[in-house]
Amino acid sequence: MKMAERTLREQLDTLRQGYQTRIEEIECEQERCRAEQAETQSEIRQLLERHWELGETLPRLKAEKGRQADKFAQRGFEAVRAALGKSYDNLRQTQNHWVTWHHFYAERRDLLEKDPELKTILQDYRQLDAELPEILGRLPPSYHAPLLAEHKQFQERLAPYLALLDQAQQQSCSHPITLEVVLSHNPEAGEMRWAFPCREDPALPEEIDDALYDVTGAVIYAITRFKTQPDWFFDEAEQDEWAGYEALVTAGEHTGEQNLADVAQTLLQATLAEMSLFRDTALTVRVTEVPQAVWELGQAWQEAETTPTAAPPEVEAVGLALVEVTGGWYRDADIETWERPLNVASDSLWNVQARRLRTLLIRMVAKGKVGAQAIPEDLLWQHLPPPHGDQLACGVKHLVDEGLLLQKTPADGNGHQVTLNPEMLPEVQSLINYDVTPFWAGLIRAEENDV
């Protein structure tokens, strides 16, 4: 009995010791957990504080990033505008070259107006002149005199034109010419925007202003010719202004893998170098592509500097220059050109209406009114002095009837707008080149009868 009692006590003591040991272990474990929990809570508090700091810092960083982007865009805008200004000054320094060519174009225009067949005759004359010895060698002597007489008639008829061309061939400019072009590409909108160092300057004599306008036309023509190259697609073009300089907005894309500015620079250099205006000049073309933000700064500059004005009514047009009254479509010099006495060959179809329509087509091409870009129809003759306004109104009507001008209805449904039919551009170029094709022959005669 005592033995069993002693054994039971021993077992009970053992259980108590084990229980006490387990309690101590649990208390140690609890203490360790409390320490870990305190450490975790401290880390959480630190993370929350860091999160709050980041939350406060992020807007400041975004604002600073925006300020830095604005500064970068502003510096870029100032740099490219300064480059355009320097290039414009360069064109002004070489203005005698442009004026000389402007006189050449005017004299050539007068000669072609007088005898529109000169260009065709020149080709025949040069071919005959090159082959004359061989032809004479094949013909009997009795045919020599008539052939030589015809050759001499060609020579006498072409003499003024050949002398003018020879004079142009000798024209050169030793002063280096740098042509800066700014390019902004917006692939989402499918647009390329170009700015070049030409601008309207009311302080310039009209002769110099007109000569620099020739440079503008040449650059616009060269850019629109990109559409003939692989990897280029141009749908339409519209003349604009950017940061005080002439600009061109083209709807199109370049699908090549080369850098856009590099390809454009190479093409523009090559295309301009082929033009008589830039022949024998030390021409350097530089195309700089700028981000959209820089282009938008130029647009904002232009909007801030341009005060929109309503079209002046007839009673207010008195005393204003025609270029102001017509919104830049016609100049006083155009009226003088139209009203010059016609001095043409007896069988020539060239007439005053042809002069008017040629001016109209040149302006529409230069302002990019081809395809999608249209203008109010009455803008093409409004405010012109009589009889030019009525006769151009009649001419525009016939151009619409013949499909050379496409008629469109504006969004507000008021009036009509017109644009050049891209498929008729060969006929447009014909009249600009003083070539009265059968299309123009019938049209011009019809307009003379209607007016």
# chains A, B, ... in the order shown; residues from 1 in each chain; ligands from 1
>>> residues_around(residues="stretch 428-432 of chain A", least_positions_apart="3", cutoff="10 Å", atoms="only C-alpha atoms", output="MDAnalysis selection string")
chainID A and resid 109 350 354:355 357:362 365 404 420:425 435:437 439:440
>>> write_last_selection(atoms="N, CA, C and O atoms", output="PDB file, in the first residue's frame")
ATOM      1  N   ARG A 109       7.679  84.611-118.476  1.00  0.00           N
ATOM      2  CA  ARG A 109       6.213  84.616-118.539  1.00  0.00           C
ATOM      3  C   ARG A 109       5.727  85.504-119.678  1.00  0.00           C
ATOM      4  O   ARG A 109       4.828  85.132-120.442  1.00  0.00           O
ATOM      5  N   TRP A 350      -3.980  82.346-126.088  1.00  0.00           N
ATOM      6  CA  TRP A 350      -3.778  82.963-124.769  1.00  0.00           C
ATOM      7  C   TRP A 350      -4.531  84.281-124.693  1.00  0.00           C
ATOM      8  O   TRP A 350      -4.487  85.088-125.621  1.00  0.00           O
ATOM      9  N   ALA A 354      -7.161  83.610-119.448  1.00  0.00           N
ATOM     10  CA  ALA A 354      -6.128  82.615-119.175  1.00  0.00           C
ATOM     11  C   ALA A 354      -5.160  83.134-118.114  1.00  0.00           C
ATOM     12  O   ALA A 354      -4.710  82.380-117.240  1.00  0.00           O
ATOM     13  N   ARG A 355      -4.849  84.428-118.175  1.00  0.00           N
ATOM     14  CA  ARG A 355      -3.987  85.025-117.158  1.00  0.00           C
ATOM     15  C   ARG A 355      -4.627  84.914-115.777  1.00  0.00           C
ATOM     16  O   ARG A 355      -3.985  84.531-114.797  1.00  0.00           O
ATOM     17  N   LEU A 357      -7.016  82.838-114.681  1.00  0.00           N
ATOM     18  CA  LEU A 357      -7.126  81.462-114.212  1.00  0.00           C
ATOM     19  C   LEU A 357      -5.763  80.894-113.823  1.00  0.00           C
ATOM     20  O   LEU A 357      -5.654  80.117-112.874  1.00  0.00           O
ATOM     21  N   ARG A 358      -4.724  81.284-114.543  1.00  0.00           N
ATOM     22  CA  ARG A 358      -3.375  80.824-114.187  1.00  0.00           C
ATOM     23  C   ARG A 358      -3.006  81.317-112.792  1.00  0.00           C
ATOM     24  O   ARG A 358      -2.483  80.560-111.962  1.00  0.00           O
ATOM     25  N   THR A 359      -3.264  82.597-112.506  1.00  0.00           N
ATOM     26  CA  THR A 359      -2.978  83.139-111.167  1.00  0.00           C
ATOM     27  C   THR A 359      -3.770  82.388-110.111  1.00  0.00           C
ATOM     28  O   THR A 359      -3.242  82.025-109.051  1.00  0.00           O
ATOM     29  N   LEU A 360      -5.050  82.146-110.389  1.00  0.00           N
ATOM     30  CA  LEU A 360      -5.909  81.431-109.443  1.00  0.00           C
ATOM     31  C   LEU A 360      -5.352  80.046-109.144  1.00  0.00           C
ATOM     32  O   LEU A 360      -5.263  79.624-107.978  1.00  0.00           O
ATOM     33  N   LEU A 361      -4.954  79.302-110.168  1.00  0.00           N
ATOM     34  CA  LEU A 361      -4.448  77.940-109.981  1.00  0.00           C
ATOM     35  C   LEU A 361      -3.135  77.939-109.205  1.00  0.00           C
ATOM     36  O   LEU A 361      -2.902  77.076-108.342  1.00  0.00           O
ATOM     37  N   ILE A 362      -2.256  78.897-109.505  1.00  0.00           N
ATOM     38  CA  ILE A 362      -0.982  78.982-108.777  1.00  0.00           C
ATOM     39  C   ILE A 362      -1.243  79.173-107.285  1.00  0.00           C
ATOM     40  O   ILE A 362      -0.623  78.522-106.432  1.00  0.00           O
ATOM     41  N   VAL A 365      -2.702  75.940-105.611  1.00  0.00           N
ATOM     42  CA  VAL A 365      -1.666  74.921-105.405  1.00  0.00           C
ATOM     43  C   VAL A 365      -0.753  75.332-104.254  1.00  0.00           C
ATOM     44  O   VAL A 365      -0.418  74.530-103.377  1.00  0.00           O
ATOM     45  N   LEU A 404     -12.605  70.194-112.951  1.00  0.00           N
ATOM     46  CA  LEU A 404     -11.274  70.563-112.472  1.00  0.00           C
ATOM     47  C   LEU A 404     -11.344  71.046-111.025  1.00  0.00           C
ATOM     48  O   LEU A 404     -10.421  70.833-110.237  1.00  0.00           O
ATOM     49  N   LEU A 420      -9.210  71.792-105.678  1.00  0.00           N
ATOM     50  CA  LEU A 420      -8.700  71.241-106.933  1.00  0.00           C
ATOM     51  C   LEU A 420      -8.872  69.725-106.957  1.00  0.00           C
ATOM     52  O   LEU A 420      -8.619  69.047-105.954  1.00  0.00           O
ATOM     53  N   ASN A 421      -9.290  69.213-108.083  1.00  0.00           N
ATOM     54  CA  ASN A 421      -9.426  67.770-108.277  1.00  0.00           C
ATOM     55  C   ASN A 421      -8.030  67.184-108.493  1.00  0.00           C
ATOM     56  O   ASN A 421      -7.365  67.516-109.474  1.00  0.00           O
ATOM     57  N   PRO A 422      -7.537  66.318-107.586  1.00  0.00           N
ATOM     58  CA  PRO A 422      -6.177  65.779-107.746  1.00  0.00           C
ATOM     59  C   PRO A 422      -5.959  65.084-109.090  1.00  0.00           C
ATOM     60  O   PRO A 422      -4.850  65.085-109.610  1.00  0.00           O
ATOM     61  N   GLU A 423      -7.019  64.496-109.648  1.00  0.00           N
ATOM     62  CA  GLU A 423      -6.876  63.787-110.920  1.00  0.00           C
ATOM     63  C   GLU A 423      -6.693  64.743-112.097  1.00  0.00           C
ATOM     64  O   GLU A 423      -6.304  64.313-113.191  1.00  0.00           O
ATOM     65  N   MET A 424      -6.979  66.037-111.887  1.00  0.00           N
ATOM     66  CA  MET A 424      -6.852  67.019-112.959  1.00  0.00           C
ATOM     67  C   MET A 424      -5.589  67.860-112.836  1.00  0.00           C
ATOM     68  O   MET A 424      -5.425  68.848-113.552  1.00  0.00           O
ATOM     69  N   LEU A 425      -4.682  67.479-111.952  1.00  0.00           N
ATOM     70  CA  LEU A 425      -3.464  68.270-111.753  1.00  0.00           C
ATOM     71  C   LEU A 425      -2.605  68.390-113.016  1.00  0.00           C
ATOM     72  O   LEU A 425      -1.957  69.428-113.207  1.00  0.00           O
ATOM     73  N   ASP A 435       0.638  76.354-121.373  1.00  0.00           N
ATOM     74  CA  ASP A 435       0.300  75.383-122.409  1.00  0.00           C
ATOM     75  C   ASP A 435      -1.224  75.305-122.517  1.00  0.00           C
ATOM     76  O   ASP A 435      -1.896  74.746-121.645  1.00  0.00           O
ATOM     77  N   VAL A 436      -1.777  75.873-123.595  1.00  0.00           N
ATOM     78  CA  VAL A 436      -3.231  75.882-123.801  1.00  0.00           C
ATOM     79  C   VAL A 436      -3.607  74.569-124.481  1.00  0.00           C
ATOM     80  O   VAL A 436      -3.606  74.463-125.714  1.00  0.00           O
ATOM     81  N   THR A 437      -3.922  73.553-123.684  1.00  0.00           N
ATOM     82  CA  THR A 437      -4.317  72.243-124.207  1.00  0.00           C
ATOM     83  C   THR A 437      -5.741  72.324-124.751  1.00  0.00           C
ATOM     84  O   THR A 437      -6.454  73.323-124.528  1.00  0.00           O
ATOM     85  N   PHE A 439      -8.315  71.001-123.636  1.00  0.00           N
ATOM     86  CA  PHE A 439      -9.209  71.231-122.491  1.00  0.00           C
ATOM     87  C   PHE A 439      -9.342  72.724-122.207  1.00  0.00           C
ATOM     88  O   PHE A 439     -10.445  73.252-122.054  1.00  0.00           O
ATOM     89  N   TRP A 440      -8.213  73.422-122.154  1.00  0.00           N
ATOM     90  CA  TRP A 440      -8.234  74.846-121.839  1.00  0.00           C
ATOM     91  C   TRP A 440      -8.708  75.687-123.025  1.00  0.00           C
ATOM     92  O   TRP A 440      -9.350  76.728-122.838  1.00  0.00           O
TER      93      TRP A 440
END
>>> atom_distance(atom1="atom CA of A:Val290", atom2="atom CA of A:Gly76")
7.7 Å
>>> atom_distance(atom1="atom CA of A:Phe196", atom2="atom CA of A:Leu183")
9.1 Å
>>> closest_residue(among="A:Ala211, A:Val294, A:Ala163, A:Leu379", to="A:Phe72", atoms="only C-alpha atoms")
A:Val294
>>> atom_distance(atom1="atom CA of A:Leu260", atom2="atom CA of A:Glu289")
8.0 Å
>>> closest_residue(among="A:Leu132, A:Glu206, A:Ala243, A:Leu179", to="A:Leu283", atoms="only C-alpha atoms")
A:Leu179
>>> residues_around(residues="A:Val249", least_positions_apart="4", cutoff="12 Å", atoms="only C-alpha atoms", output="ChimeraX atom specification")
/A:182-186,189-196,220,223-224,234-242,295,366-369,373
>>> write_last_selection(atoms="N, CA and C atoms", output="JSON list (two decimals), in the first residue's frame")
[["chain", "number", "residue", "atom", "x", "y", "z"],
["A", 182, "VAL", "N", 11.89, 72.98, -90.19],
["A", 182, "VAL", "CA", 11.45, 72.35, -88.94],
["A", 182, "VAL", "C", 10.33, 71.36, -89.29],
["A", 183, "LEU", "N", 10.44, 70.15, -88.74],
["A", 183, "LEU", "CA", 9.48, 69.09, -89.03],
["A", 183, "LEU", "C", 8.90, 68.54, -87.74],
["A", 184, "SER", "N", 7.58, 68.38, -87.72],
["A", 184, "SER", "CA", 6.92, 67.73, -86.59],
["A", 184, "SER", "C", 6.00, 66.65, -87.14],
["A", 185, "HIS", "N", 6.17, 65.44, -86.65],
["A", 185, "HIS", "CA", 5.39, 64.30, -87.15],
["A", 185, "HIS", "C", 4.40, 63.85, -86.09],
["A", 186, "ASN", "N", 3.13, 63.80, -86.47],
["A", 186, "ASN", "CA", 2.08, 63.32, -85.56],
["A", 186, "ASN", "C", 1.47, 62.07, -86.19],
["A", 189, "ALA", "N", -2.39, 61.36, -85.84],
["A", 189, "ALA", "CA", -3.26, 62.15, -86.71],
["A", 189, "ALA", "C", -2.92, 61.97, -88.18],
["A", 190, "GLY", "N", -1.82, 61.26, -88.48],
["A", 190, "GLY", "CA", -1.41, 61.09, -89.86],
["A", 190, "GLY", "C", -0.98, 62.39, -90.51],
["A", 191, "GLU", "N", -0.28, 63.25, -89.74],
["A", 191, "GLU", "CA", 0.12, 64.57, -90.24],
["A", 191, "GLU", "C", 1.62, 64.77, -90.11],
["A", 192, "MET", "N", 2.16, 65.48, -91.08],
["A", 192, "MET", "CA", 3.52, 66.01, -90.99],
["A", 192, "MET", "C", 3.43, 67.51, -91.18],
["A", 193, "ARG", "N", 4.08, 68.25, -90.31],
["A", 193, "ARG", "CA", 4.02, 69.71, -90.35],
["A", 193, "ARG", "C", 5.43, 70.25, -90.57],
["A", 194, "TRP", "N", 5.51, 71.19, -91.49],
["A", 194, "TRP", "CA", 6.81, 71.72, -91.91],
["A", 194, "TRP", "C", 6.80, 73.23, -91.75],
["A", 195, "ALA", "N", 7.88, 73.77, -91.24],
["A", 195, "ALA", "CA", 8.07, 75.23, -91.19],
["A", 195, "ALA", "C", 9.39, 75.56, -91.84],
["A", 196, "PHE", "N", 9.42, 76.65, -92.61],
["A", 196, "PHE", "CA", 10.65, 77.01, -93.32],
["A", 196, "PHE", "C", 10.87, 78.50, -93.25],
["A", 220, "ILE", "N", 7.65, 74.51, -100.97],
["A", 220, "ILE", "CA", 6.37, 73.80, -100.90],
["A", 220, "ILE", "C", 6.29, 72.76, -102.01],
["A", 223, "ILE", "N", 8.55, 69.75, -101.19],
["A", 223, "ILE", "CA", 8.01, 68.86, -100.14],
["A", 223, "ILE", "C", 6.87, 68.01, -100.70],
["A", 224, "THR", "N", 5.98, 68.61, -101.47],
["A", 224, "THR", "CA", 4.85, 67.84, -102.02],
["A", 224, "THR", "C", 5.31, 66.80, -103.04],
["A", 234, "PHE", "N", 1.40, 61.00, -99.46],
["A", 234, "PHE", "CA", 0.83, 62.31, -99.19],
["A", 234, "PHE", "C", -0.58, 62.35, -99.76],
["A", 235, "ASP", "N", -1.55, 62.76, -98.96],
["A", 235, "ASP", "CA", -2.93, 62.84, -99.43],
["A", 235, "ASP", "C", -3.32, 64.27, -99.77],
["A", 236, "GLU", "N", -2.91, 65.22, -98.93],
["A", 236, "GLU", "CA", -3.28, 66.61, -99.14],
["A", 236, "GLU", "C", -2.27, 67.51, -98.43],
["A", 237, "ALA", "N", -2.32, 68.79, -98.76],
["A", 237, "ALA", "CA", -1.40, 69.75, -98.14],
["A", 237, "ALA", "C", -2.11, 71.09, -98.01],
["A", 238, "GLU", "N", -1.81, 71.79, -96.94],
["A", 238, "GLU", "CA", -2.41, 73.10, -96.71],
["A", 238, "GLU", "C", -1.36, 74.05, -96.15],
["A", 239, "GLN", "N", -1.26, 75.21, -96.74],
["A", 239, "GLN", "CA", -0.30, 76.21, -96.28],
["A", 239, "GLN", "C", -0.78, 76.82, -94.97],
["A", 240, "ASP", "N", 0.16, 77.11, -94.09],
["A", 240, "ASP", "CA", -0.17, 77.61, -92.76],
["A", 240, "ASP", "C", 0.95, 78.55, -92.31],
["A", 241, "GLU", "N", 0.88, 79.00, -91.07],
["A", 241, "GLU", "CA", 1.95, 79.79, -90.47],
["A", 241, "GLU", "C", 2.30, 79.20, -89.12],
["A", 242, "TRP", "N", 3.57, 79.30, -88.76],
["A", 242, "TRP", "CA", 4.03, 78.75, -87.49],
["A", 242, "TRP", "C", 5.12, 79.65, -86.93],
["A", 295, "TRP", "N", 6.15, 71.99, -81.32],
["A", 295, "TRP", "CA", 5.28, 72.51, -82.39],
["A", 295, "TRP", "C", 4.10, 73.27, -81.80],
["A", 366, "ALA", "N", -0.34, 76.61, -104.25],
["A", 366, "ALA", "CA", 0.57, 77.09, -103.20],
["A", 366, "ALA", "C", -0.06, 77.01, -101.82],
["A", 367, "LYS", "N", -1.38, 77.22, -101.74],
["A", 367, "LYS", "CA", -2.06, 77.18, -100.45],
["A", 367, "LYS", "C", -2.57, 75.79, -100.10],
["A", 368, "GLY", "N", -2.23, 74.81, -100.94],
["A", 368, "GLY", "CA", -2.56, 73.42, -100.62],
["A", 368, "GLY", "C", -4.02, 73.06, -100.75],
["A", 369, "LYS", "N", -4.78, 73.80, -101.56],
["A", 369, "LYS", "CA", -6.21, 73.51, -101.71],
["A", 369, "LYS", "C", -6.40, 72.44, -102.78],
["A", 373, "GLN", "N", -8.81, 69.65, -98.72],
["A", 373, "GLN", "CA", -8.82, 71.03, -98.23],
["A", 373, "GLN", "C", -9.56, 71.93, -99.22]]
>>> closest_residue(among="A:Asp214, A:Asp231, A:Asp89, A:Glu10", to="A:Arg363", atoms="only C-alpha atoms")
A:Asp214
>>> closest_residue(among="A:Val418, A:Val352, A:Ile335, A:Leu297", to="A:Pro385", atoms="only C-alpha atoms")
A:Ile335
>>> select_by_dssp(residues="stretch 19-264 of chain A", states="strand (DSSP E)", output="ChimeraX atom specification")
/A:173-186,191-196,232-242,245-254
>>> write_last_selection(atoms="C-alpha atoms", output="PDB file, in the first residue's frame")
ATOM      1  CA  CYS A 173      25.245  82.767-106.131  1.00  0.00           C
ATOM      2  CA  SER A 174      28.610  82.377-104.420  1.00  0.00           C
ATOM      3  CA  HIS A 175      27.255  83.180-100.952  1.00  0.00           C
ATOM      4  CA  PRO A 176      26.449  79.988 -98.953  1.00  0.00           C
ATOM      5  CA  ILE A 177      22.713  79.420 -98.537  1.00  0.00           C
ATOM      6  CA  THR A 178      21.441  77.518 -95.503  1.00  0.00           C
ATOM      7  CA  LEU A 179      17.799  76.483 -95.568  1.00  0.00           C
ATOM      8  CA  GLU A 180      16.514  75.435 -92.153  1.00  0.00           C
ATOM      9  CA  VAL A 181      13.342  73.340 -92.102  1.00  0.00           C
ATOM     10  CA  VAL A 182      11.452  72.345 -88.945  1.00  0.00           C
ATOM     11  CA  LEU A 183       9.477  69.088 -89.034  1.00  0.00           C
ATOM     12  CA  SER A 184       6.919  67.734 -86.590  1.00  0.00           C
ATOM     13  CA  HIS A 185       5.390  64.302 -87.153  1.00  0.00           C
ATOM     14  CA  ASN A 186       2.082  63.322 -85.565  1.00  0.00           C
ATOM     15  CA  GLU A 191       0.119  64.567 -90.239  1.00  0.00           C
ATOM     16  CA  MET A 192       3.522  66.008 -90.994  1.00  0.00           C
ATOM     17  CA  ARG A 193       4.022  69.708 -90.348  1.00  0.00           C
ATOM     18  CA  TRP A 194       6.811  71.722 -91.905  1.00  0.00           C
ATOM     19  CA  ALA A 195       8.066  75.228 -91.185  1.00  0.00           C
ATOM     20  CA  PHE A 196      10.648  77.008 -93.317  1.00  0.00           C
ATOM     21  CA  TRP A 232       6.069  58.239 -98.802  1.00  0.00           C
ATOM     22  CA  PHE A 233       2.330  58.827 -98.895  1.00  0.00           C
ATOM     23  CA  PHE A 234       0.827  62.313 -99.188  1.00  0.00           C
ATOM     24  CA  ASP A 235      -2.929  62.839 -99.431  1.00  0.00           C
ATOM     25  CA  GLU A 236      -3.285  66.611 -99.138  1.00  0.00           C
ATOM     26  CA  ALA A 237      -1.397  69.749 -98.140  1.00  0.00           C
ATOM     27  CA  GLU A 238      -2.412  73.101 -96.710  1.00  0.00           C
ATOM     28  CA  GLN A 239      -0.299  76.211 -96.277  1.00  0.00           C
ATOM     29  CA  ASP A 240      -0.168  77.613 -92.761  1.00  0.00           C
ATOM     30  CA  GLU A 241       1.946  79.795 -90.471  1.00  0.00           C
ATOM     31  CA  TRP A 242       4.033  78.748 -87.487  1.00  0.00           C
ATOM     32  CA  TYR A 245       7.126  81.733 -90.522  1.00  0.00           C
ATOM     33  CA  GLU A 246       5.563  79.985 -93.480  1.00  0.00           C
ATOM     34  CA  ALA A 247       4.464  76.430 -92.812  1.00  0.00           C
ATOM     35  CA  LEU A 248       2.888  73.500 -94.601  1.00  0.00           C
ATOM     36  CA  VAL A 249       0.592  70.886 -93.053  1.00  0.00           C
ATOM     37  CA  THR A 250       0.571  67.628 -95.005  1.00  0.00           C
ATOM     38  CA  ALA A 251      -1.660  64.617 -94.429  1.00  0.00           C
ATOM     39  CA  GLY A 252       0.619  61.662 -95.033  1.00  0.00           C
ATOM     40  CA  GLU A 253       3.021  59.075 -93.713  1.00  0.00           C
ATOM     41  CA  HIS A 254       6.544  57.780 -94.210  1.00  0.00           C
TER      42      HIS A 254
END
>>> select_by_dssp(residues="stretch 127-339 of chain A", states="alpha helix (DSSP H)", output="JSON, numbers by chain")
{"A": [127, 128, 129, 130, 131, 132, 133, 134, 135, 136, 137, 138, 144, 145, 146, 147, 148, 149, 150, 151, 152, 153, 154, 155, 156, 157, 158, 159, 160, 161, 162, 163, 164, 165, 166, 167, 168, 169, 206, 207, 208, 209, 210, 211, 212, 213, 214, 215, 216, 217, 218, 219, 220, 221, 222, 223, 224, 260, 261, 262, 263, 264, 265, 266, 267, 268, 269, 270, 271, 272, 273, 292, 293, 294, 295, 296, 297, 298, 299, 300, 301, 302, 303, 304, 305, 322, 323, 324, 325, 332, 333, 334, 335, 336, 337, 338, 339]}
>>> write_last_selection(atoms="C-alpha atoms", output="CSV table (one decimal), in the first residue's frame")
chain,number,residue,atom,x,y,z
A,127,GLN,CA,16.8,68.3,-131.9
A,128,LEU,CA,17.0,69.7,-135.5
A,129,ASP,CA,20.1,71.7,-134.6
A,130,ALA,CA,21.9,68.6,-133.2
A,131,GLU,CA,20.9,66.4,-136.2
A,132,LEU,CA,21.2,69.1,-138.9
A,133,PRO,CA,24.6,68.0,-140.4
A,134,GLU,CA,23.4,64.4,-140.6
A,135,ILE,CA,20.0,65.3,-142.1
A,136,LEU,CA,21.6,67.5,-144.7
A,137,GLY,CA,24.0,64.7,-145.6
A,138,ARG,CA,21.1,62.4,-146.3
A,144,HIS,CA,19.1,72.1,-148.2
A,145,ALA,CA,17.9,75.7,-148.7
A,146,PRO,CA,14.3,75.2,-147.5
A,147,LEU,CA,15.5,73.2,-144.5
A,148,LEU,CA,18.1,75.8,-143.6
A,149,ALA,CA,15.5,78.6,-144.0
A,150,GLU,CA,13.1,76.8,-141.7
A,151,HIS,CA,16.0,76.3,-139.2
A,152,LYS,CA,16.8,80.0,-139.4
A,153,GLN,CA,13.1,81.0,-138.8
A,154,PHE,CA,13.1,78.8,-135.7
A,155,GLN,CA,16.3,80.5,-134.6
A,156,GLU,CA,15.0,84.0,-135.1
A,157,ARG,CA,11.7,83.2,-133.4
A,158,LEU,CA,13.6,81.6,-130.4
A,159,ALA,CA,16.3,84.2,-130.2
A,160,PRO,CA,14.9,86.3,-127.3
A,161,TYR,CA,13.9,83.1,-125.4
A,162,LEU,CA,17.3,81.5,-126.0
A,163,ALA,CA,19.1,84.7,-124.9
A,164,LEU,CA,17.0,84.7,-121.7
A,165,LEU,CA,17.8,81.0,-121.0
A,166,ASP,CA,21.5,81.6,-121.6
A,167,GLN,CA,21.4,84.5,-119.1
A,168,ALA,CA,19.7,82.3,-116.6
A,169,GLN,CA,22.4,79.6,-117.1
A,206,GLU,CA,7.2,94.4,-103.0
A,207,GLU,CA,9.9,93.3,-105.5
A,208,ILE,CA,11.9,91.6,-102.7
A,209,ASP,CA,8.8,90.2,-101.0
A,210,ASP,CA,7.7,88.6,-104.3
A,211,ALA,CA,11.2,87.2,-104.9
A,212,LEU,CA,11.2,85.5,-101.5
A,213,TYR,CA,7.7,84.2,-102.2
A,214,ASP,CA,9.3,82.3,-105.1
A,215,VAL,CA,11.5,80.5,-102.5
A,216,THR,CA,8.4,79.7,-100.5
A,217,GLY,CA,6.8,78.2,-103.6
A,218,ALA,CA,9.9,76.2,-104.4
A,219,VAL,CA,10.1,74.7,-100.9
A,220,ILE,CA,6.4,73.8,-100.9
A,221,TYR,CA,6.7,72.2,-104.3
A,222,ALA,CA,9.7,70.2,-103.3
A,223,ILE,CA,8.0,68.9,-100.1
A,224,THR,CA,4.8,67.8,-102.0
A,260,LEU,CA,12.4,60.7,-91.0
A,261,ALA,CA,14.3,63.9,-90.7
A,262,ASP,CA,17.4,62.4,-92.4
A,263,VAL,CA,15.3,61.1,-95.3
A,264,ALA,CA,13.4,64.3,-95.7
A,265,GLN,CA,16.7,66.3,-95.6
A,266,THR,CA,18.2,64.2,-98.4
A,267,LEU,CA,15.2,64.4,-100.6
A,268,LEU,CA,14.7,68.1,-100.1
A,269,GLN,CA,18.3,68.9,-100.8
A,270,ALA,CA,18.2,66.8,-104.0
A,271,THR,CA,14.9,68.2,-105.2
A,272,LEU,CA,15.8,71.8,-104.6
A,273,ALA,CA,19.2,71.4,-106.2
A,292,GLN,CA,4.8,67.7,-80.6
A,293,ALA,CA,5.2,70.0,-77.5
A,294,VAL,CA,7.6,72.2,-79.4
A,295,TRP,CA,5.3,72.5,-82.4
A,296,GLU,CA,2.4,73.4,-80.1
A,297,LEU,CA,4.5,76.3,-78.6
A,298,GLY,CA,4.9,77.6,-82.1
A,299,GLN,CA,1.2,77.4,-82.8
A,300,ALA,CA,0.5,79.2,-79.5
A,301,TRP,CA,3.0,81.9,-80.5
A,302,GLN,CA,1.3,82.3,-83.8
A,303,GLU,CA,-2.2,82.5,-82.2
A,304,ALA,CA,-1.0,85.1,-79.7
A,305,GLU,CA,0.6,87.3,-82.5
A,322,LEU,CA,-5.8,94.1,-102.5
A,323,VAL,CA,-3.8,91.4,-100.6
A,324,GLU,CA,-5.6,92.5,-97.4
A,325,VAL,CA,-9.0,92.8,-99.0
A,332,ASP,CA,-2.4,94.7,-106.8
A,333,ALA,CA,0.4,93.4,-109.0
A,334,ASP,CA,-1.9,90.6,-110.3
A,335,ILE,CA,-4.4,93.2,-111.6
A,336,GLU,CA,-1.5,95.1,-113.3
A,337,THR,CA,-0.4,91.8,-115.0
A,338,TRP,CA,-4.0,90.9,-116.1
A,339,GLU,CA,-4.5,94.4,-117.6
>>> closest_residue(among="A:Asp401, A:Lys408, A:Phe77, A:Gln391", to="A:Glu377", atoms="only C-alpha atoms")
A:Lys408
